[in-house]
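K.L.:
You'll find run_16.tsv just under this line, and it carries TSV, C-alpha atoms.
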chain	number	residue	atom	x	y	z
A	1	MET	CA	93.52	72.96	51.72
A	2	ALA	CA	94.71	69.74	53.27
A	3	HIS	CA	94.11	69.21	57.01
A	4	ILE	CA	97.89	69.09	57.65
A	5	GLU	CA	100.74	71.13	56.21
A	6	VAL	CA	101.82	69.31	53.07
A	7	LEU	CA	103.60	70.60	49.96
A	8	GLU	CA	101.11	72.77	48.09
A	9	GLY	CA	99.96	71.70	44.62
A	10	VAL	CA	101.10	68.08	45.03
A	11	PRO	CA	97.99	65.97	44.50
A	12	GLY	CA	96.47	63.18	46.61
A	13	ILE	CA	98.53	60.49	48.25
A	14	ARG	CA	101.81	61.85	46.81
A	15	SER	CA	101.63	64.87	49.12
A	16	LEU	CA	101.00	62.58	52.12
A	17	VAL	CA	103.83	60.14	51.45
A	18	MET	CA	106.19	63.10	51.00
A	19	PHE	CA	105.05	64.34	54.44
A	20	ARG	CA	105.73	60.93	56.02
A	21	PRO	CA	108.00	58.78	53.81
A	22	GLU	CA	108.57	56.21	56.59
A	23	THR	CA	104.99	54.98	56.15
A	24	GLY	CA	104.72	56.06	52.50
A	25	LYS	CA	107.48	53.64	51.52
A	26	HIS	CA	105.40	50.63	52.63
A	27	LEU	CA	102.20	51.98	51.05
A	28	TYR	CA	103.89	52.39	47.66
A	29	GLU	CA	105.66	49.03	47.87
A	30	LEU	CA	102.36	47.33	48.71
A	31	ALA	CA	100.68	48.98	45.70
A	32	GLN	CA	103.57	47.97	43.46
A	33	VAL	CA	103.42	44.27	44.45
A	34	LEU	CA	99.62	44.12	44.29
A	35	LEU	CA	99.07	46.06	41.06
A	36	ARG	CA	102.30	45.47	39.11
A	37	GLY	CA	103.78	42.27	40.55
A	38	GLU	CA	103.57	38.86	38.94
A	39	SER	CA	99.92	37.72	38.74
A	40	THR	CA	97.47	35.80	36.58
A	41	LEU	CA	95.24	38.88	36.75
A	42	SER	CA	96.35	41.48	34.20
A	43	GLU	CA	97.54	44.90	35.36
A	44	ALA	CA	94.46	46.36	33.65
A	45	GLU	CA	92.13	44.05	35.60
A	46	ARG	CA	93.81	44.92	38.89
A	47	GLU	CA	93.61	48.67	38.17
A	48	LEU	CA	89.93	48.16	37.34
A	49	ILE	CA	89.29	46.58	40.76
A	50	ALA	CA	91.11	49.52	42.42
A	51	THR	CA	89.04	52.00	40.38
A	52	TYR	CA	85.76	50.25	41.18
A	53	VAL	CA	86.39	50.28	44.95
A	54	SER	CA	87.54	53.94	44.90
A	55	HIS	CA	84.42	54.86	42.91
A	56	ARG	CA	82.20	53.16	45.48
A	57	ASN	CA	84.08	55.01	48.26
A	58	ASN	CA	83.49	58.26	46.41
A	59	CYS	CA	87.23	59.05	46.44
A	60	MET	CA	87.65	61.22	43.37
A	61	PHE	CA	91.44	61.35	43.42
A	62	CYS	CA	91.94	57.57	43.58
A	63	ARG	CA	89.05	56.87	41.23
A	64	ASN	CA	90.20	59.26	38.52
A	65	SER	CA	93.88	58.38	38.68
A	66	HIS	CA	93.38	54.61	38.67
A	67	ALA	CA	90.66	54.88	36.00
A	68	ALA	CA	93.24	56.73	33.87
A	69	ALA	CA	95.80	53.97	34.49
A	70	ALA	CA	93.23	51.27	33.63
A	71	ARG	CA	92.32	53.13	30.40
A	72	CYS	CA	96.02	53.28	29.42
A	73	LEU	CA	96.43	49.56	30.12
A	74	TYR	CA	93.24	48.47	28.35
A	75	GLY	CA	94.17	50.54	25.30
A	76	ASP	CA	91.49	50.29	22.61
A	77	GLU	CA	88.96	48.86	25.04
A	78	ALA	CA	89.22	51.96	27.23
A	79	ASN	CA	85.47	52.44	27.51
A	80	LEU	CA	85.34	49.20	29.51
A	81	VAL	CA	86.27	51.30	32.54
A	82	ASP	CA	83.21	53.52	32.11
A	83	GLU	CA	81.01	50.50	31.45
A	84	VAL	CA	82.13	48.89	34.73
A	85	LEU	CA	81.58	52.09	36.71
A	86	ALA	CA	78.08	52.42	35.18
A	87	ASP	CA	77.01	48.77	35.64
A	88	VAL	CA	79.28	45.78	36.22
A	89	THR	CA	76.62	43.26	35.16
A	90	THR	CA	76.33	44.60	31.59
A	91	ALA	CA	80.00	45.54	31.04
A	92	HIS	CA	81.97	43.70	28.33
A	93	ILE	CA	84.29	41.90	30.72
A	94	SER	CA	84.66	38.19	31.55
A	95	ASP	CA	82.24	36.51	33.94
A	96	LYS	CA	85.21	35.67	36.18
A	97	LEU	CA	86.15	39.35	36.47
A	98	LYS	CA	82.50	40.19	37.22
A	99	ALA	CA	82.55	37.63	40.06
A	100	LEU	CA	85.80	39.14	41.41
A	101	LEU	CA	84.36	42.67	41.20
A	102	ASN	CA	81.30	41.44	43.10
A	103	ILE	CA	83.62	40.25	45.89
A	104	ALA	CA	85.60	43.53	45.81
A	105	GLY	CA	82.32	45.44	46.17
A	106	LYS	CA	81.39	43.36	49.22
A	107	VAL	CA	84.82	43.98	50.79
A	108	GLN	CA	84.35	47.71	50.18
A	109	VAL	CA	81.27	47.55	52.43
A	110	LEU	CA	82.85	45.26	55.06
A	111	GLY	CA	84.79	41.99	55.09
A	112	LYS	CA	81.97	39.91	56.55
A	113	GLU	CA	79.71	40.77	53.60
A	114	VAL	CA	81.62	38.26	51.44
A	115	THR	CA	79.68	34.96	51.49
A	116	GLN	CA	80.66	31.40	50.69
A	117	GLN	CA	78.32	31.71	47.68
A	118	ASP	CA	80.30	34.70	46.34
A	119	ILE	CA	83.52	32.68	46.66
A	120	ASP	CA	82.02	29.51	45.14
A	121	ALA	CA	80.65	31.47	42.17
A	122	ALA	CA	84.09	32.96	41.45
A	123	LYS	CA	85.82	29.58	41.83
A	124	LEU	CA	83.33	27.94	39.46
A	125	LEU	CA	84.34	30.55	36.85
A	126	GLY	CA	88.01	29.67	37.29
A	127	ALA	CA	89.20	32.07	39.99
A	128	THR	CA	92.19	30.65	41.90
A	129	ASP	CA	92.91	31.09	45.62
A	130	ARG	CA	95.68	33.53	44.76
A	131	GLU	CA	93.30	35.60	42.59
A	132	LEU	CA	90.69	35.60	45.35
A	133	HIS	CA	93.32	36.64	47.90
A	134	ASP	CA	94.61	39.46	45.73
A	135	THR	CA	91.13	40.71	44.88
A	136	VAL	CA	90.21	40.94	48.57
A	137	LEU	CA	93.52	42.61	49.43
A	138	ILE	CA	93.29	45.13	46.56
A	139	ALA	CA	89.76	46.04	47.70
A	140	ALA	CA	90.91	46.31	51.34
A	141	THR	CA	94.01	48.32	50.35
A	142	PHE	CA	91.94	50.86	48.42
A	143	SER	CA	89.52	51.07	51.33
A	144	MET	CA	92.63	52.29	53.18
A	145	PHE	CA	94.04	54.59	50.46
A	146	ASN	CA	90.62	56.23	49.90
A	147	ARG	CA	90.27	56.99	53.64
A	148	TYR	CA	93.85	58.24	53.88
A	149	VAL	CA	93.55	60.60	50.91
A	150	ASP	CA	90.12	62.03	51.84
A	151	GLY	CA	90.54	61.85	55.64
A	152	LEU	CA	93.39	64.36	55.38
A	153	ALA	CA	91.63	66.35	52.62
A	154	SER	CA	94.61	66.10	50.27
A	155	PHE	CA	94.57	68.12	47.03
A	156	THR	CA	92.23	66.64	44.40
A	157	PRO	CA	92.82	68.13	40.90
A	158	THR	CA	89.71	68.81	38.83
A	159	ASP	CA	91.40	69.00	35.40
A	160	PRO	CA	90.92	65.67	33.51
A	161	GLU	CA	94.27	66.22	31.75
A	162	ALA	CA	96.07	65.98	35.10
A	163	TYR	CA	94.70	62.47	35.60
A	164	LYS	CA	95.60	61.39	32.06
A	165	GLU	CA	99.23	62.25	32.84
A	166	MET	CA	99.06	60.42	36.17
A	167	GLY	CA	97.61	57.35	34.47
A	168	LYS	CA	100.43	57.39	31.94
A	169	ARG	CA	103.07	57.68	34.67
A	170	MET	CA	101.44	54.91	36.75
A	171	THR	CA	101.43	52.66	33.67
A	172	GLU	CA	105.01	53.38	32.62
A	173	LYS	CA	106.78	53.74	35.96
A	174	GLY	CA	104.53	51.92	38.43
A	175	TYR	CA	104.38	52.98	42.06
A	176	VAL	CA	107.63	54.69	42.95
A	177	LEU	CA	107.92	56.80	46.10
A	178	PRO	CA	108.35	60.47	45.08
A	179	THR	CA	111.67	61.97	46.10
A	180	PRO	CA	111.31	64.15	49.20
A	181	VAL	CA	111.87	67.84	48.44
A	182	ALA	CA	115.00	69.28	50.03
A	183	SER	CA	114.02	71.88	52.63
B	1	MET	CA	87.05	27.58	57.33
B	2	ALA	CA	88.85	30.34	55.49
B	3	HIS	CA	87.75	31.14	51.93
B	4	ILE	CA	91.18	30.14	50.58
B	5	GLU	CA	93.50	27.30	51.51
B	6	VAL	CA	95.67	28.60	54.32
B	7	LEU	CA	97.53	26.75	57.08
B	8	GLU	CA	94.90	25.37	59.45
B	9	GLY	CA	94.80	26.64	63.03
B	10	VAL	CA	96.87	29.75	62.32
B	11	PRO	CA	94.69	32.70	63.35
B	12	GLY	CA	93.72	35.87	61.50
B	13	ILE	CA	96.14	37.87	59.43
B	14	ARG	CA	99.06	35.55	60.26
B	15	SER	CA	97.55	32.79	58.11
B	16	LEU	CA	97.07	35.25	55.22
B	17	VAL	CA	100.58	36.71	55.27
B	18	MET	CA	101.99	33.17	55.36
B	19	PHE	CA	99.91	32.43	52.23
B	20	ARG	CA	101.27	35.51	50.46
B	21	PRO	CA	104.45	36.84	52.13
B	22	GLU	CA	105.22	39.20	49.20
B	23	THR	CA	102.32	41.43	50.28
B	24	GLY	CA	102.44	40.37	53.95
B	25	LYS	CA	105.93	41.84	54.31
B	26	HIS	CA	104.68	45.34	53.54
B	27	LEU	CA	101.57	44.97	55.73
B	28	TYR	CA	103.67	43.98	58.76
B	29	GLU	CA	106.30	46.66	58.11
B	30	LEU	CA	103.55	49.29	57.86
B	31	ALA	CA	102.05	48.13	61.18
B	32	GLN	CA	105.49	48.16	62.81
B	33	VAL	CA	106.26	51.77	61.75
B	34	LEU	CA	102.79	53.05	62.62
B	35	LEU	CA	102.30	51.27	65.96
B	36	ARG	CA	105.86	50.80	67.24
B	37	GLY	CA	107.93	53.45	65.44
B	38	GLU	CA	109.05	56.74	66.95
B	39	SER	CA	106.02	58.89	67.82
B	40	THR	CA	104.71	61.40	70.36
B	41	LEU	CA	101.67	59.13	70.71
B	42	SER	CA	102.43	56.25	73.08
B	43	GLU	CA	102.29	52.66	71.81
B	44	ALA	CA	99.29	52.13	74.12
B	45	GLU	CA	97.45	55.10	72.57
B	46	ARG	CA	98.13	53.85	69.05
B	47	GLU	CA	96.96	50.32	69.90
B	48	LEU	CA	93.83	51.88	71.41
B	49	ILE	CA	93.06	53.68	68.11
B	50	ALA	CA	93.57	50.38	66.23
B	51	THR	CA	91.28	48.56	68.69
B	52	TYR	CA	88.58	51.25	68.48
B	53	VAL	CA	88.45	51.13	64.66
B	54	SER	CA	88.44	47.30	64.61
B	55	HIS	CA	85.62	47.31	67.17
B	56	ARG	CA	83.56	49.67	65.02
B	57	ASN	CA	84.25	47.43	62.00
B	58	ASN	CA	83.07	44.43	64.00
B	59	CYS	CA	86.33	42.57	63.29
B	60	MET	CA	86.65	40.28	66.31
B	61	PHE	CA	90.15	39.01	65.53
B	62	CYS	CA	91.71	42.49	65.17
B	63	ARG	CA	89.66	43.95	68.01
B	64	ASN	CA	90.54	41.24	70.52
B	65	SER	CA	94.22	40.98	69.63
B	66	HIS	CA	94.88	44.74	69.63
B	67	ALA	CA	92.76	45.20	72.78
B	68	ALA	CA	95.02	42.61	74.42
B	69	ALA	CA	98.13	44.49	73.25
B	70	ALA	CA	96.68	47.81	74.51
B	71	ARG	CA	95.90	46.22	77.90
B	72	CYS	CA	99.49	44.94	78.16
B	73	LEU	CA	100.85	48.38	77.29
B	74	TYR	CA	98.53	50.32	79.61
B	75	GLY	CA	99.35	47.95	82.48
B	76	ASP	CA	97.43	48.95	85.61
B	77	GLU	CA	95.07	51.13	83.64
B	78	ALA	CA	93.94	48.18	81.53
B	79	ASN	CA	90.24	48.84	82.02
B	80	LEU	CA	90.72	52.03	79.98
B	81	VAL	CA	90.38	49.84	76.90
B	82	ASP	CA	86.93	48.61	77.95
B	83	GLU	CA	85.90	52.14	78.94
B	84	VAL	CA	86.81	53.43	75.47
B	85	LEU	CA	84.94	50.61	73.70
B	86	ALA	CA	81.87	51.27	75.87
B	87	ASP	CA	81.87	55.09	75.54
B	88	VAL	CA	84.78	57.30	74.43
B	89	THR	CA	83.23	60.46	75.91
B	90	THR	CA	83.24	59.17	79.52
B	91	ALA	CA	86.51	57.16	79.38
B	92	HIS	CA	89.41	58.25	81.62
B	93	ILE	CA	91.67	59.34	78.78
B	94	SER	CA	92.96	62.79	77.80
B	95	ASP	CA	90.76	65.18	75.85
B	96	LYS	CA	93.35	65.16	73.07
B	97	LEU	CA	93.08	61.37	72.72
B	98	LYS	CA	89.28	61.69	72.69
B	99	ALA	CA	89.55	64.20	69.83
B	100	LEU	CA	91.87	61.84	67.93
B	101	LEU	CA	89.52	58.88	68.49
B	102	ASN	CA	86.67	61.04	67.19
B	103	ILE	CA	88.68	61.56	63.97
B	104	ALA	CA	89.56	57.84	63.78
B	105	GLY	CA	85.85	57.01	64.10
B	106	LYS	CA	85.03	59.36	61.21
B	107	VAL	CA	87.75	57.79	59.04
B	108	GLN	CA	86.31	54.35	59.84
B	109	VAL	CA	83.06	55.50	58.21
B	110	LEU	CA	84.71	57.28	55.27
B	111	GLY	CA	87.50	59.83	54.78
B	112	LYS	CA	85.23	62.70	53.81
B	113	GLU	CA	83.40	62.45	57.17
B	114	VAL	CA	86.35	64.23	58.85
B	115	THR	CA	85.51	67.94	59.08
B	116	GLN	CA	87.64	71.02	59.57
B	117	GLN	CA	85.92	71.33	62.97
B	118	ASP	CA	87.13	67.86	63.99
B	119	ILE	CA	90.69	68.83	63.02
B	120	ASP	CA	90.51	72.26	64.70
B	121	ALA	CA	89.22	70.70	67.93
B	122	ALA	CA	92.13	68.25	68.03
B	123	LYS	CA	94.68	70.97	67.23
B	124	LEU	CA	93.28	73.20	69.98
B	125	LEU	CA	93.94	70.34	72.42
B	126	GLY	CA	97.55	70.10	71.26
B	127	ALA	CA	97.43	67.52	68.45
B	128	THR	CA	100.29	68.03	65.98
B	129	ASP	CA	100.15	67.52	62.21
B	130	ARG	CA	102.17	64.34	62.61
B	131	GLU	CA	99.74	63.01	65.24
B	132	LEU	CA	96.76	63.86	63.03
B	133	HIS	CA	98.45	62.17	60.07
B	134	ASP	CA	99.22	59.03	62.03
B	135	THR	CA	95.74	58.85	63.56
B	136	VAL	CA	94.12	59.02	60.12
B	137	LEU	CA	96.56	56.47	58.69
B	138	ILE	CA	96.13	54.05	61.63
B	139	ALA	CA	92.34	54.26	61.20
B	140	ALA	CA	92.66	53.77	57.43
B	141	THR	CA	95.13	50.89	57.86
B	142	PHE	CA	92.81	49.04	60.23
B	143	SER	CA	89.93	49.64	57.83
B	144	MET	CA	92.14	47.61	55.47
B	145	PHE	CA	93.28	44.91	57.94
B	146	ASN	CA	89.70	44.34	59.18
B	147	ARG	CA	88.43	43.84	55.61
B	148	TYR	CA	91.36	41.58	54.71
B	149	VAL	CA	90.93	39.33	57.76
B	150	ASP	CA	87.14	39.03	57.54
B	151	GLY	CA	86.86	39.18	53.73
B	152	LEU	CA	88.82	35.92	53.52
B	153	ALA	CA	87.09	34.47	56.62
B	154	SER	CA	90.40	33.74	58.34
B	155	PHE	CA	90.37	31.73	61.59
B	156	THR	CA	89.13	33.77	64.58
B	157	PRO	CA	89.89	32.07	67.94
B	158	THR	CA	87.16	32.29	70.58
B	159	ASP	CA	89.33	31.49	73.63
B	160	PRO	CA	90.22	34.75	75.47
B	161	GLU	CA	93.54	33.18	76.57
B	162	ALA	CA	94.68	32.95	72.94
B	163	TYR	CA	94.33	36.74	72.62
B	164	LYS	CA	96.18	37.38	75.88
B	165	GLU	CA	99.16	35.51	74.46
B	166	MET	CA	98.92	37.41	71.16
B	167	GLY	CA	98.80	40.73	73.02
B	168	LYS	CA	101.92	39.77	74.98
B	169	ARG	CA	103.77	38.79	71.80
B	170	MET	CA	102.69	41.98	69.99
B	171	THR	CA	103.93	44.03	72.95
B	172	GLU	CA	107.26	42.25	73.32
B	173	LYS	CA	108.18	41.47	69.71
B	174	GLY	CA	106.16	43.95	67.67
B	175	TYR	CA	105.00	43.09	64.16
B	176	VAL	CA	107.38	40.52	62.72
B	177	LEU	CA	106.43	38.51	59.66
B	178	PRO	CA	105.93	34.86	60.66
B	179	THR	CA	108.39	32.44	59.07
B	180	PRO	CA	106.80	30.54	56.16
B	181	VAL	CA	106.40	26.85	56.90
B	182	ALA	CA	108.58	24.57	54.79
B	183	SER	CA	106.44	22.50	52.43
Could you rewrite the structure in this file as structure tokens?
P.N.:
Amino acid sequence: MAHIEVLEGVPGIRSLVMFRPETGKHLYELAQVLLRGESTLSEAERELIATYVSHRNNCMFCRNSHAAAARCLYGDEANLVDEVLADVTTAHISDKLKALLNIAGKVQVLGKEVTQQDIDAAKLLGATDRELHDTVLIAATFSMFNRYVDGLASFTPTDPEAYKEMGKRMTEKGYVLPTPVAS
Amino acid sequence: MAHIEVLEGVPGIRSLVMFRPETGKHLYELAQVLLRGESTLSEAERELIATYVSHRNNCMFCRNSHAAAARCLYGDEANLVDEVLADVTTAHISDKLKALLNIAGKVQVLGKEVTQQDIDAAKLLGATDRELHDTVLIAATFSMFNRYVDGLASFTPTDPEAYKEMGKRMTEKGYVLPTPVAS
């Protein structure tokens, strides 16, 4: 049971943005720009950063749904997601993405954890200012979403099939505010 | 020096949203709805929650600027802000606000830290579902802002007068996206 009266059976953040669409609108629009907007980081890479931070914050709803979206987007290389969650250093991803995930992991702890060395290492591997900015903001944004979803104890499905469907929807439709239910 | 090339001398989050207004727009609009929109929590109370979370996250820019805004809004009772930062339990604020700050402090750590007992205690003191929702989302939002500002090492002024001016602007004008500088 969620800590506040939301529509029963609606999972995670969807139930919360339906409760309060005035704030939900900006949360969904932020996610849409960050994860689906024009970028030199692929949608799959950005979903992977979101998944990694949610995993480290132990937020099952965000982790499972964004992992499902990343698997959809990576296609054949879907096990990359599990490799990253098990150990970033040995995963079959680019060194630049490893350096960005290192920064995202620092941001998940706290902003000041990011050092000049972390930034220099990513830049040396080709990361641009815009990519660094977006990596930090994705990590910060999911540090918010994770706290929002778990802080209000919103419904977290346990059936893996439910997440597969969510991942498919997130890949095909992006982040679109759910229509409020007529009362 | 910030980790990315932003306009020199522009402090904190302002420099970052000028670098990337596509995401900045949604961050400012979220802050405006949460901290200035219609609510049964006063603007001063909401700024106090933002200040408390930023203080716990050791984010000097967000702490000092929102403390300045809270002091403006509380007027004569301005030392309330310092009382809360020193010790919530002995501060001269309502028991309901203490219960909400307790929840905000749990969210600052991680969403799952909030217990049914924390929620029940706040409800018993008159907190509504909407107030609980907004408290959790303000705490989550500042967990994002703090990481964004410090994760990119944005400029943090040390002159207390600079924050007084920011607090005045935030009180009078609210959260309005700064105009991008023509290149």
K.L.:
Show me, as a count of residues only, every residue of chain A with an atom at most 8 Å from chain B, counting all atoms listed in the file.
P.N.:
40
K.L.:
I'd like the contact shell of region 10-12 of chain A - 6 Å cut-off, all atoms listed in the file, skipping same-chain residues fewer than 4 positions apart - returned as a list in words.
P.N.:
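Here the answer would be Val149, Ser154, Phe155 and Thr156 of chain A.
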K.L.:
Give the superposed chain B as a short mmCIF file (atom, residue, chain, number, x, y, z; two decimals) with C-alpha atoms, keeping the file's coordinate frame, the fit being least squares on chain A over all ordered C-alpha pairs.
P.N.:
data_model
loop_
_atom_site.label_atom_id
_atom_site.label_comp_id
_atom_site.auth_asym_id
_atom_site.auth_seq_id
_atom_site.Cartn_x
_atom_site.Cartn_y
_atom_site.Cartn_z
CA MET B 1 93.51 72.95 51.71
CA ALA B 2 94.71 69.73 53.26
CA HIS B 3 94.12 69.19 56.99
CA ILE B 4 97.88 69.08 57.63
CA GLU B 5 100.73 71.13 56.20
CA VAL B 6 101.84 69.32 53.07
CA LEU B 7 103.61 70.61 49.95
CA GLU B 8 101.11 72.78 48.08
CA GLY B 9 99.96 71.70 44.62
CA VAL B 10 101.10 68.10 45.02
CA PRO B 11 97.99 65.96 44.51
CA GLY B 12 96.48 63.17 46.60
CA ILE B 13 98.54 60.48 48.24
CA ARG B 14 101.81 61.85 46.80
CA SER B 15 101.63 64.87 49.12
CA LEU B 16 100.99 62.58 52.12
CA VAL B 17 103.83 60.14 51.45
CA MET B 18 106.19 63.10 50.99
CA PHE B 19 105.05 64.34 54.43
CA ARG B 20 105.74 60.94 56.00
CA PRO B 21 108.00 58.77 53.80
CA GLU B 22 108.57 56.21 56.60
CA THR B 23 104.99 54.98 56.15
CA GLY B 24 104.72 56.06 52.50
CA LYS B 25 107.48 53.63 51.53
CA HIS B 26 105.41 50.64 52.62
CA LEU B 27 102.20 51.98 51.05
CA TYR B 28 103.89 52.39 47.65
CA GLU B 29 105.67 49.03 47.87
CA LEU B 30 102.36 47.33 48.71
CA ALA B 31 100.67 48.98 45.70
CA GLN B 32 103.57 47.97 43.45
CA VAL B 33 103.42 44.27 44.46
CA LEU B 34 99.62 44.11 44.30
CA LEU B 35 99.07 46.05 41.06
CA ARG B 36 102.29 45.47 39.11
CA GLY B 37 103.78 42.27 40.57
CA GLU B 38 103.56 38.85 38.97
CA SER B 39 99.92 37.72 38.75
CA THR B 40 97.46 35.79 36.58
CA LEU B 41 95.23 38.88 36.75
CA SER B 42 96.35 41.47 34.19
CA GLU B 43 97.53 44.90 35.36
CA ALA B 44 94.45 46.36 33.64
CA GLU B 45 92.13 44.04 35.60
CA ARG B 46 93.81 44.92 38.89
CA GLU B 47 93.61 48.66 38.17
CA LEU B 48 89.93 48.16 37.33
CA ILE B 49 89.30 46.57 40.77
CA ALA B 50 91.11 49.51 42.42
CA THR B 51 89.05 52.01 40.38
CA TYR B 52 85.76 50.24 41.18
CA VAL B 53 86.40 50.28 44.95
CA SER B 54 87.54 53.94 44.89
CA HIS B 55 84.42 54.84 42.91
CA ARG B 56 82.19 53.15 45.48
CA ASN B 57 84.08 54.99 48.24
CA ASN B 58 83.49 58.26 46.42
CA CYS B 59 87.23 59.04 46.44
CA MET B 60 87.64 61.22 43.35
CA PHE B 61 91.44 61.36 43.42
CA CYS B 62 91.93 57.57 43.58
CA ARG B 63 89.04 56.87 41.22
CA ASN B 64 90.20 59.26 38.51
CA SER B 65 93.89 58.39 38.68
CA HIS B 66 93.38 54.60 38.67
CA ALA B 67 90.66 54.89 35.99
CA ALA B 68 93.24 56.73 33.88
CA ALA B 69 95.81 53.97 34.49
CA ALA B 70 93.22 51.28 33.63
CA ARG B 71 92.33 53.12 30.40
CA CYS B 72 96.02 53.28 29.43
CA LEU B 73 96.43 49.57 30.13
CA TYR B 74 93.24 48.48 28.34
CA GLY B 75 94.17 50.58 25.30
CA ASP B 76 91.48 50.28 22.62
CA GLU B 77 89.00 48.85 25.07
CA ALA B 78 89.22 51.94 27.27
CA ASN B 79 85.47 52.43 27.50
CA LEU B 80 85.35 49.19 29.51
CA VAL B 81 86.27 51.29 32.53
CA ASP B 82 83.21 53.52 32.12
CA GLU B 83 81.01 50.49 31.45
CA VAL B 84 82.13 48.89 34.72
CA LEU B 85 81.56 52.09 36.72
CA ALA B 86 78.08 52.44 35.19
CA ASP B 87 77.00 48.78 35.63
CA VAL B 88 79.27 45.77 36.24
CA THR B 89 76.60 43.27 35.17
CA THR B 90 76.31 44.60 31.59
CA ALA B 91 80.00 45.53 31.05
CA HIS B 92 81.96 43.69 28.33
CA ILE B 93 84.29 41.90 30.72
CA SER B 94 84.65 38.19 31.54
CA ASP B 95 82.25 36.51 33.94
CA LYS B 96 85.20 35.68 36.18
CA LEU B 97 86.15 39.36 36.46
CA LYS B 98 82.50 40.19 37.22
CA ALA B 99 82.55 37.64 40.05
CA LEU B 100 85.78 39.14 41.41
CA LEU B 101 84.36 42.68 41.22
CA ASN B 102 81.30 41.43 43.09
CA ILE B 103 83.63 40.24 45.89
CA ALA B 104 85.60 43.52 45.80
CA GLY B 105 82.32 45.43 46.16
CA LYS B 106 81.39 43.35 49.22
CA VAL B 107 84.82 43.98 50.79
CA GLN B 108 84.35 47.71 50.18
CA VAL B 109 81.27 47.54 52.43
CA LEU B 110 82.84 45.26 55.05
CA GLY B 111 84.78 41.98 55.08
CA LYS B 112 81.98 39.89 56.55
CA GLU B 113 79.71 40.78 53.59
CA VAL B 114 81.62 38.25 51.44
CA THR B 115 79.68 34.96 51.48
CA GLN B 116 80.66 31.40 50.68
CA GLN B 117 78.32 31.72 47.68
CA ASP B 118 80.29 34.70 46.35
CA ILE B 119 83.52 32.68 46.66
CA ASP B 120 82.01 29.51 45.14
CA ALA B 121 80.66 31.48 42.17
CA ALA B 122 84.09 32.95 41.45
CA LYS B 123 85.82 29.57 41.83
CA LEU B 124 83.32 27.94 39.46
CA LEU B 125 84.33 30.54 36.86
CA GLY B 126 88.00 29.66 37.31
CA ALA B 127 89.19 32.08 40.01
CA THR B 128 92.18 30.66 41.91
CA ASP B 129 92.91 31.08 45.62
CA ARG B 130 95.68 33.52 44.76
CA GLU B 131 93.30 35.59 42.59
CA LEU B 132 90.68 35.61 45.35
CA HIS B 133 93.32 36.63 47.89
CA ASP B 134 94.61 39.45 45.73
CA THR B 135 91.12 40.71 44.88
CA VAL B 136 90.21 40.93 48.57
CA LEU B 137 93.52 42.59 49.43
CA ILE B 138 93.28 45.12 46.56
CA ALA B 139 89.76 46.03 47.70
CA ALA B 140 90.92 46.30 51.33
CA THR B 141 94.01 48.32 50.35
CA PHE B 142 91.94 50.85 48.41
CA SER B 143 89.52 51.06 51.33
CA MET B 144 92.64 52.27 53.17
CA PHE B 145 94.04 54.58 50.45
CA ASN B 146 90.63 56.23 49.89
CA ARG B 147 90.27 56.98 53.62
CA TYR B 148 93.85 58.24 53.88
CA VAL B 149 93.55 60.60 50.90
CA ASP B 150 90.13 62.01 51.83
CA GLY B 151 90.55 61.84 55.62
CA LEU B 152 93.39 64.36 55.36
CA ALA B 153 91.62 66.35 52.61
CA SER B 154 94.61 66.11 50.27
CA PHE B 155 94.57 68.13 47.03
CA THR B 156 92.23 66.64 44.39
CA PRO B 157 92.81 68.13 40.89
CA THR B 158 89.70 68.81 38.83
CA ASP B 159 91.39 69.01 35.40
CA PRO B 160 90.90 65.69 33.52
CA GLU B 161 94.26 66.23 31.77
CA ALA B 162 96.09 66.00 35.11
CA TYR B 163 94.69 62.48 35.60
CA LYS B 164 95.61 61.41 32.07
CA GLU B 165 99.23 62.27 32.84
CA MET B 166 99.06 60.43 36.18
CA GLY B 167 97.60 57.35 34.48
CA LYS B 168 100.44 57.39 31.94
CA ARG B 169 103.06 57.68 34.68
CA MET B 170 101.44 54.91 36.75
CA THR B 171 101.43 52.67 33.67
CA GLU B 172 105.01 53.39 32.63
CA LYS B 173 106.78 53.75 35.98
CA GLY B 174 104.54 51.93 38.43
CA TYR B 175 104.37 53.00 42.07
CA VAL B 176 107.64 54.69 42.96
CA LEU B 177 107.93 56.81 46.08
CA PRO B 178 108.36 60.47 45.09
CA THR B 179 111.69 62.00 46.11
CA PRO B 180 111.32 64.20 49.21
CA VAL B 181 111.91 67.86 48.45
CA ALA B 182 115.03 69.32 50.04
CA SER B 183 114.09 71.87 52.71
#
K.L.:
Could you work out how far CA of Arg56 (chain A) lies from CA of Arg169 (chain A), giving the answer in Å with one decimal?
P.N.:
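So the two atoms, CA of Arg169 (chain A) and CA of Arg56 (chain A), lie 23.9 Å apart.
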K.L.:
Here is a test: counting only C-alpha atoms, which residue of B:His55, B:Lys98, B:Arg14, B:Arg36 is nearest to Leu125 (chain B)?
P.N.:
B:Lys98
K.L.:
Do you know which residues are at most 12 Å from Asn79 (chain A) counting all atoms listed in the file, after dropping those on the same chain fewer than 2 positions away, and could you put them as a compact mmCIF listing (two decimals) with C-alpha atoms, keeping the file's coordinate frame?
P.N.:
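What landed in result_24.txt:
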# COMPACT_ATOMS: atom_id res chain seq x y z
CA LEU A 48 89.93 48.16 37.34
CA ALA A 67 90.66 54.88 36.00
CA ALA A 68 93.24 56.73 33.87
CA ALA A 70 93.23 51.27 33.63
CA ARG A 71 92.32 53.13 30.40
CA CYS A 72 96.02 53.28 29.42
CA LEU A 73 96.43 49.56 30.12
CA TYR A 74 93.24 48.47 28.35
CA GLY A 75 94.17 50.54 25.30
CA ASP A 76 91.49 50.29 22.61
CA GLU A 77 88.96 48.86 25.04
CA VAL A 81 86.27 51.30 32.54
CA ASP A 82 83.21 53.52 32.11
CA GLU A 83 81.01 50.50 31.45
CA VAL A 84 82.13 48.89 34.73
CA LEU A 85 81.58 52.09 36.71
CA ALA A 86 78.08 52.42 35.18
CA ALA A 91 80.00 45.54 31.04
CA HIS A 92 81.97 43.70 28.33
CA ILE A 93 84.29 41.90 30.72
